[in-house]
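Undergrad: My structure is below; once you've seen it, I'll send some questions.
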Amino acid sequence: MKKDIILAGVGGQGILTIATIIGEAAAKAGVNLKQAEVHGMSQRGGDVQSTLRLSTEPIYSDLIREGSADLIISMEPMEALRYVPYLVEQGWVVTSSHPYKNIPNYPDEQQIVEELESLPHTVMLPIEDLARQNNMPKSANVVLLGMAARYIEILSPEELRESIKRVFASKGEAVVEMNLRAFDLGLNAQCAQ
Amino acid sequence: MTINKRLLLGDEAVAQGAIDAGISGVYAYPGTPSTEITEYIQTHAKDVRSRWCTNEKTAMEAALGMSYAGKRALVCMKHVGMNVAADAFVNSAITGVNGGLIVLAADDPSMHSSQNEQDSRFYGKFAMIPILEPSSQQEAYDMMQYGFELSEQLHLPVLMRVVTRLAHSRADVEVGGKAEQNSLKPDNERAHWVLLPGNARRQYSSLVEKQSELLDSAEQSPYNKMLCDADRAELGIVACGIAYNYVMENNPSATGIPVLKVSQYPLPVAAIKALAAKCKSLLVAEDGQPVVEEQVAALLGADYELRGRFSGALPRMGELNPDNVGEAMGIAVKQSFSAAKNVVARPPALCQGCGHRDVYDALNRVAAEYPNARIFGDIGCYTLGALPPFRAIDSCVDMGASITMAKGAADAGLYPAIAVIGDSTFTHSGMTGLLDAVNDNSNITVIISDNLTTAMTGGQDSAGTNKFEAICLGLGVEPSHVRVVVPLPKNMEEITRVIREEIEYKGVSVIIPRRECIQTLNRKLRQKRAQN
Ligand SMILES: Cc1ncc(C[n+]2csc(CCOP(=O)(O)OP(=O)(O)O)c2C)c(N)n1
């Protein structure tokens, strides 16, 4: 079994934290993993991307082939669209619906939504609003991970929950609790759809 | 021994490998994608000397000094850092080494965060030393131990070349135990180290003689091997470094394509000739410039069908990936969806609240009064001043070039000639140029935009912090023309006035807008809050 995942967003939105949580869960479960990140220049409010490859078989390439990503997880709707050429035919897109407009020529929001909905499997939620309403504005990224959890398959939501405990352990009990709540919020919001 | 697996970035695997190989020092100047190596050693090995150096040349020389004294040292830099370190680097092959010495160059094919995609393997070949090019994080780790042993055995520095996709990708790495550091044992053979022509000729001659040993080592290297071997084949592949992964991703054994994996140079010519003899054509897959392809072409002659970046089978520039390598192997890309319509580029920008913004705001206001003004930029976050909304700089070439290009243009009669340089870039290689300008009394205005850190690469300490006025005065800038301002919108009137006055002054002036980077400031505030 393999899962090729693309994580997308804008510098500072916390996609590398999502990658860390999934990576830690994979390491614990003994699943092979390669995770490429973008550091440097693009972290200054530019687009950022990380590819995660999970497999029970050995993995060679750090990069994902076009047309073979099983899942795109994105903190931003236009950034989700950017990687559509990588999506496999029946792949899933799980994205925040909240546009991050730090450029003057940001495309029409409605058209972005329509293009996303024209794909076979798209899940979109206003994760920033959800996170804010639940007093966890800094954990929007973990809400998104919760939303995506059931599509990761090679790792269970429970394994991801356990990983959150380990990843945030050094930041104290309160931070762990908040992120677990954020994760469950995403997971259940997704169920309710 | 218990197996200890860790999830490590390629950079971290290099760092852990170097720690476990018993290095006594890492010497480096930050630069994407190499920065995380030194940062990892700084936090994981208190017994290894690891403070940032002022530039890549000082790093290379200090490491050579540590090697002279008998201990193992690692030097790290991004590819363009090799240009800065080149004098020391090339001559370290002539002196040879005592304690093991590895120079790690992190190349950036596709220029994700760089101004070119030069291939550091050229430097290794030029200096005539062994080159290691890991294909995976595990090899990056293992090759550190191997490389230090090779270095001590051959008495030569070893170059390790990684690329962005390895440096910044994570995978499981099996790590072993930690070796003891070497003890102090300086090389007392002065003839090795005093490169007067008489000695240098002898040393160079010994380097030339060693080349057959280097070749033997590469031919027998555990990191160079044949895979998916076949008796006869239409196509064979020479897969270098990380390109090996992209080849294997396309499952060459399914189509009977033999693959020669190359991760140690000089090029194992016997292995390549043997592969060529049983194949009708060869594909060279290498990330970066066609260094190997050129050598293989010379080896096999014009009649042999060779494919790669020169032949057009692979793109002439830009990084390799599983798709373009697959296509070169005859496997088409299967896209299910073409590129989306509603996507535009999202370039990086200066942070909100960054002091560089106020500097450019002021500069643009003053420059508007001088239609002939030209602003020579430099490398750092402030290079983003080239983009909208500022569009403020006319050049950005290499670290330090702002001051010296402004000087040359002023010498040619251009006025006002203004240089904008960051604090870390100024100490890296701006100071010497400023001395030239002072000695020539060139008519330039230098702005050292001091945010108290090396921000572009993630906020490392900056070598000159708290020393800039003293440095400028020491280099001979007139005290009344070293001006300090605080770049904040409320000070706009003062800043523009100071810039105007210094443009009007006919000679070298330095303006230092100084305010801490908001990223490092916020990080400190967060840390303080976490402690309370
Ligand atoms: C020779 C060389 N070494 C390293 C780099 C990587 N690099 C680019 S900008 C930069 C730091 C610039 O720091 P500073 O001048 O203080 O400007 P800031 O980013 O803080 O605004 C570094 C290390 C490079 N481009 N070239």
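Just so we're on the same page: first chain in the structure tokens is A, next is B, and so on; residues restart at 1 for each chain, and ligands are numbered from 1 in the order they show up.
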Could you give me the residues within 6 Å of ligand 1, counting only C-alpha atoms and all ligand atoms, as a PyMOL selection string?
TA: chain B and resi 30-31+80-81+84+379-382+399+422-425+451+453-457
Undergrad: Could you make a table, as JSON lines, of the residues of chain B that have an atom within 9 Å of an atom of chain A, each with its nearest atom pair and distance in Å to one decimal, counting only C-alpha atoms, in chain and number order?
TA:
{"residue": "B:Lys5", "atom": "CA", "partner": "A:Ala27", "partner_atom": "CA", "distance": 8.7}
{"residue": "B:Arg6", "atom": "CA", "partner": "A:Ala27", "partner_atom": "CA", "distance": 8.1}
{"residue": "B:Leu7", "atom": "CA", "partner": "A:Ala27", "partner_atom": "CA", "distance": 7.1}
{"residue": "B:Leu9", "atom": "CA", "partner": "A:Gln35", "partner_atom": "CA", "distance": 8.5}
{"residue": "B:Gly31", "atom": "CA", "partner": "A:Gly40", "partner_atom": "CA", "distance": 8.8}
{"residue": "B:Thr32", "atom": "CA", "partner": "A:Gly40", "partner_atom": "CA", "distance": 6.2}
{"residue": "B:Pro33", "atom": "CA", "partner": "A:His39", "partner_atom": "CA", "distance": 7.6}
{"residue": "B:His112", "atom": "CA", "partner": "A:Met41", "partner_atom": "CA", "distance": 7.5}
{"residue": "B:Ser113", "atom": "CA", "partner": "A:Met41", "partner_atom": "CA", "distance": 5.5}
{"residue": "B:Ser114", "atom": "CA", "partner": "A:Met41", "partner_atom": "CA", "distance": 8.8}
{"residue": "B:Ser136", "atom": "CA", "partner": "A:Tyr60", "partner_atom": "CA", "distance": 8.4}
{"residue": "B:Thr164", "atom": "CA", "partner": "A:Val38", "partner_atom": "CA", "distance": 8.8}
{"residue": "B:Arg165", "atom": "CA", "partner": "A:Ala36", "partner_atom": "CA", "distance": 6.7}
{"residue": "B:Leu166", "atom": "CA", "partner": "A:Asp62", "partner_atom": "CA", "distance": 7.6}
{"residue": "B:Ala167", "atom": "CA", "partner": "A:Ala36", "partner_atom": "CA", "distance": 8.9}
{"residue": "B:His168", "atom": "CA", "partner": "A:Glu37", "partner_atom": "CA", "distance": 5.6}
{"residue": "B:Ser169", "atom": "CA", "partner": "A:Ala36", "partner_atom": "CA", "distance": 3.9}
{"residue": "B:Arg170", "atom": "CA", "partner": "A:Gln35", "partner_atom": "CA", "distance": 4.9}
{"residue": "B:Ala171", "atom": "CA", "partner": "A:Lys34", "partner_atom": "CA", "distance": 4.8}
{"residue": "B:Asp172", "atom": "CA", "partner": "A:Leu33", "partner_atom": "CA", "distance": 7.0}
{"residue": "B:Ile242", "atom": "CA", "partner": "A:Ser61", "partner_atom": "CA", "distance": 8.2}
{"residue": "B:Ala243", "atom": "CA", "partner": "A:Ser61", "partner_atom": "CA", "distance": 8.7}
{"residue": "B:Tyr244", "atom": "CA", "partner": "A:Tyr60", "partner_atom": "CA", "distance": 8.3}
{"residue": "B:Asn245", "atom": "CA", "partner": "A:Tyr60", "partner_atom": "CA", "distance": 4.7}
{"residue": "B:Tyr246", "atom": "CA", "partner": "A:Ser61", "partner_atom": "CA", "distance": 5.4}
{"residue": "B:Val247", "atom": "CA", "partner": "A:Ser61", "partner_atom": "CA", "distance": 8.5}
{"residue": "B:Met248", "atom": "CA", "partner": "A:Tyr60", "partner_atom": "CA", "distance": 6.4}
{"residue": "B:Glu249", "atom": "CA", "partner": "A:Tyr60", "partner_atom": "CA", "distance": 5.7}
{"residue": "B:Asn321", "atom": "CA", "partner": "A:Leu63", "partner_atom": "CA", "distance": 6.7}
{"residue": "B:Pro322", "atom": "CA", "partner": "A:Arg65", "partner_atom": "CA", "distance": 5.7}
{"residue": "B:Asp323", "atom": "CA", "partner": "A:Arg65", "partner_atom": "CA", "distance": 5.8}
{"residue": "B:Val333", "atom": "CA", "partner": "A:Glu66", "partner_atom": "CA", "distance": 6.7}
{"residue": "B:Lys334", "atom": "CA", "partner": "A:Gly67", "partner_atom": "CA", "distance": 5.6}
{"residue": "B:Gln335", "atom": "CA", "partner": "A:Gly67", "partner_atom": "CA", "distance": 4.3}
{"residue": "B:Ser336", "atom": "CA", "partner": "A:Glu89", "partner_atom": "CA", "distance": 5.2}
{"residue": "B:Phe337", "atom": "CA", "partner": "A:Pro85", "partner_atom": "CA", "distance": 5.1}
{"residue": "B:Ser338", "atom": "CA", "partner": "A:Pro85", "partner_atom": "CA", "distance": 5.2}
{"residue": "B:Ala339", "atom": "CA", "partner": "A:Pro85", "partner_atom": "CA", "distance": 5.4}
{"residue": "B:Ala340", "atom": "CA", "partner": "A:Leu81", "partner_atom": "CA", "distance": 5.9}
{"residue": "B:Lys341", "atom": "CA", "partner": "A:Glu115", "partner_atom": "CA", "distance": 8.0}
{"residue": "B:Asn342", "atom": "CA", "partner": "A:Pro107", "partner_atom": "CA", "distance": 5.8}
{"residue": "B:Val343", "atom": "CA", "partner": "A:Arg82", "partner_atom": "CA", "distance": 6.0}
{"residue": "B:Val344", "atom": "CA", "partner": "A:Tyr106", "partner_atom": "CA", "distance": 7.0}
{"residue": "B:Ala345", "atom": "CA", "partner": "A:Asp47", "partner_atom": "CA", "distance": 8.1}
{"residue": "B:Arg346", "atom": "CA", "partner": "A:Gly46", "partner_atom": "CA", "distance": 5.2}
{"residue": "B:Pro347", "atom": "CA", "partner": "A:Gly46", "partner_atom": "CA", "distance": 4.9}
{"residue": "B:Pro348", "atom": "CA", "partner": "A:Gly46", "partner_atom": "CA", "distance": 4.0}
{"residue": "B:Ala349", "atom": "CA", "partner": "A:Arg44", "partner_atom": "CA", "distance": 5.6}
{"residue": "B:Leu350", "atom": "CA", "partner": "A:Arg44", "partner_atom": "CA", "distance": 6.6}
{"residue": "B:Cys351", "atom": "CA", "partner": "A:Arg44", "partner_atom": "CA", "distance": 6.7}
{"residue": "B:Cys381", "atom": "CA", "partner": "A:Met41", "partner_atom": "CA", "distance": 8.3}
{"residue": "B:Met456", "atom": "CA", "partner": "A:Gly40", "partner_atom": "CA", "distance": 7.0}
{"residue": "B:Thr457", "atom": "CA", "partner": "A:Gly40", "partner_atom": "CA", "distance": 6.1}
{"residue": "B:Gly458", "atom": "CA", "partner": "A:Gly40", "partner_atom": "CA", "distance": 7.5}
{"residue": "B:Ala530", "atom": "CA", "partner": "A:Lys171", "partner_atom": "CA", "distance": 8.4}
Undergrad: What's around Met75 of chain A at 7 Å? Count only C-alpha atoms, leave out sequence neighbours fewer than 3 positions away in its own chain, and write the answer as a list in words.
TA: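 So, after excluding close chain neighbours, the residues are Ala8, Gly9, Gln13, Thr95, Ser96 and Asn141 of chain A.
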Undergrad: Save out the residues we just selected, N, CA, C and O atoms, as a PDB file, in the first residue's frame.
TA:
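Everything below was put into part-v7.pdb:
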ATOM      1  N   ALA A   8      -0.037  21.766   1.002  1.00  0.00           N
ATOM      2  CA  ALA A   8       0.167  23.062   0.363  1.00  0.00           C
ATOM      3  C   ALA A   8      -0.337  24.182   1.255  1.00  0.00           C
ATOM      4  O   ALA A   8      -1.176  23.970   2.131  1.00  0.00           O
ATOM      5  N   GLY A   9       0.194  25.364   1.010  1.00  0.00           N
ATOM      6  CA  GLY A   9      -0.259  26.523   1.775  1.00  0.00           C
ATOM      7  C   GLY A   9       0.620  27.722   1.486  1.00  0.00           C
ATOM      8  O   GLY A   9       1.375  27.740   0.509  1.00  0.00           O
ATOM      9  N   GLN A  13       1.617  29.320   7.445  1.00  0.00           N
ATOM     10  CA  GLN A  13       0.316  28.714   7.781  1.00  0.00           C
ATOM     11  C   GLN A  13       0.429  27.392   8.539  1.00  0.00           C
ATOM     12  O   GLN A  13      -0.568  26.825   8.948  1.00  0.00           O
ATOM     13  N   THR A  95      -9.313  20.859   1.647  1.00  0.00           N
ATOM     14  CA  THR A  95      -8.743  22.210   1.707  1.00  0.00           C
ATOM     15  C   THR A  95      -9.562  23.167   2.558  1.00  0.00           C
ATOM     16  O   THR A  95     -10.778  23.012   2.711  1.00  0.00           O
ATOM     17  N   SER A  96      -8.873  24.142   3.088  1.00  0.00           N
ATOM     18  CA  SER A  96      -9.544  25.280   3.709  1.00  0.00           C
ATOM     19  C   SER A  96     -10.225  26.066   2.592  1.00  0.00           C
ATOM     20  O   SER A  96      -9.703  26.167   1.482  1.00  0.00           O
ATOM     21  N   ASN A 141      -4.350  24.607  11.393  1.00  0.00           N
ATOM     22  CA  ASN A 141      -3.681  23.564  10.605  1.00  0.00           C
ATOM     23  C   ASN A 141      -4.008  22.164  11.129  1.00  0.00           C
ATOM     24  O   ASN A 141      -4.168  21.222  10.353  1.00  0.00           O
TER      25      ASN A 141
END
Undergrad: For the atom pair atom CA of Val420 of chain B and atom CA of Leu363 of chain B, what is the interatomic distance in Å to one decimal place?
TA: 9.8 Å
Undergrad: Quick one: pick out all alpha helix (DSSP H) residues within segment 6-79 of chain A from a backbone DSSP run and write them as a ChimeraX atom specification.
TA: /A:15-29,77-79
Undergrad: Compare A:Glu57, A:Glu177, A:Glu153, A:Glu128 by their minimum atom-to-atom distance to Trp92 of chain A, counting only C-alpha atoms, and give me the closest one.
TA: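 Nearest to Trp92 of chain A: A:Glu153.
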Undergrad: Let me make sure I understand: among B:Ala69, B:Val175, B:Val90, B:Val508, which one has the smallest atom-to-atom distance to Asn441 of chain B if we use only C-alpha atoms?
TA: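 Going through B:Ala69, B:Val175, B:Val90, B:Val508 one by one, the smallest distance to Asn441 of chain B is for B:Val508.
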Undergrad: Could you list, as a list in words, every residue within 9 Å of Asn324 of chain B, counting only C-alpha atoms and ignoring same-chain residues fewer than 5 positions away?
TA: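 Listed by chain and then number, they are Tyr246, Ala313, Leu314, Pro315, Met329, Ala332 and Val333 of chain B.
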Undergrad: Grab the atom CA of Val162 of chain B to atom CA of Ala106 of chain B distance for me, in Å with one decimal place.
TA: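 Atom-to-atom, atom CA of Val162 of chain B and atom CA of Ala106 of chain B are spaced 4.9 Å apart.
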Undergrad: List every residue of segment 185-403 of chain B that DSSP, applied to the backbone of this structure, places in strand (DSSP E), and write the result as number ranges by chain.
TA: B: 225-227, 233-240, 259-262, 264-265, 279-285, 305-307, 374-376
Undergrad: Write out as a list in words the residues lying within 10 Å of Tyr141 of chain B, counting only C-alpha atoms and excluding same-chain residues fewer than 6 positions away.
TA: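 Counting only C-alpha atoms, the residues come to Leu8, Gly10, Asp11, Glu12, Ala13, Val14, Ala15, Gln16, Gly17, Ala18, Ile19, Asp20, Ala21, Pro134, Val173, Glu174, Val175 and Gly176 of chain B.
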Undergrad: Just to confirm, what's the straight-line distance from atom CA of Arg497 of chain B to atom CA of Asp450 of chain B in Å (one decimal)?
TA: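 We find that atom CA of Arg497 of chain B and atom CA of Asp450 of chain B lie 18.8 Å from each other.
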Undergrad: Between B:Pro130, B:Pro252, B:Pro513, B:Gly177, which has the minimum distance to Leu154 of chain B (counting only C-alpha atoms)?
TA: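 Closest residue, counting only C-alpha atoms: B:Pro130.
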Undergrad: Would you please work out which residue, of B:Asp47, B:Glu478, B:Asp461, B:Glu504, is nearest to Cys517 of chain B when using only C-alpha atoms?
TA: B:Asp461
Undergrad: Near segment 405-411 of chain B, counting only C-alpha atoms, which residues have an atom at most 9 Å away, once you skip same-chain residues fewer than 3 positions from it, shown as JSON, numbers by chain?
TA: {"B": [374, 375, 376, 395, 400, 401, 402, 414, 415, 416, 417, 418, 419, 433, 434, 436, 437, 440, 442, 443, 444, 445, 446]}
Undergrad: Pick from B:Glu117, B:Asp378, B:Asp229, B:Glu493: nearest to His428 of chain B, with only C-alpha atoms counted?
TA: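 Checking each of B:Glu117, B:Asp378, B:Asp229, B:Glu493 against His428 of chain B, counting only C-alpha atoms, the winner is B:Asp378.
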Undergrad: As a ChimeraX atom specification, please: the residues near Ile152 of chain A (cut-off 9 Å, only C-alpha atoms, same-chain neighbours under 4 positions excluded).
TA: /A:3,5,70-71,148,156-157
Undergrad: Limited to C-alpha atoms, could you put the picked residues into a file as a short mmCIF file (atom, residue, chain, number, x, y, z; two decimals), in the first residue's frame?
TA:
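Output below, filename part30.cif:
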data_model
loop_
_atom_site.label_atom_id
_atom_site.label_comp_id
_atom_site.auth_asym_id
_atom_site.auth_seq_id
_atom_site.Cartn_x
_atom_site.Cartn_y
_atom_site.Cartn_z
CA LYS A 3 -0.12 7.08 -0.13
CA ILE A 5 0.27 13.32 -0.25
CA ASP A 70 -3.65 10.33 -3.69
CA LEU A 71 -4.41 13.33 -1.55
CA ALA A 148 -7.99 14.89 6.11
CA SER A 156 -5.50 5.64 11.26
CA PRO A 157 -6.96 8.78 12.88
#
Undergrad: Identify which of the residues B:Phe390, B:Tyr204, B:Tyr223, B:Trp193 lies closest to Gly241 of chain B, counting only C-alpha atoms when measuring atom-to-atom distances.
TA: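 Selected residue with least distance to Gly241 of chain B: B:Tyr223.
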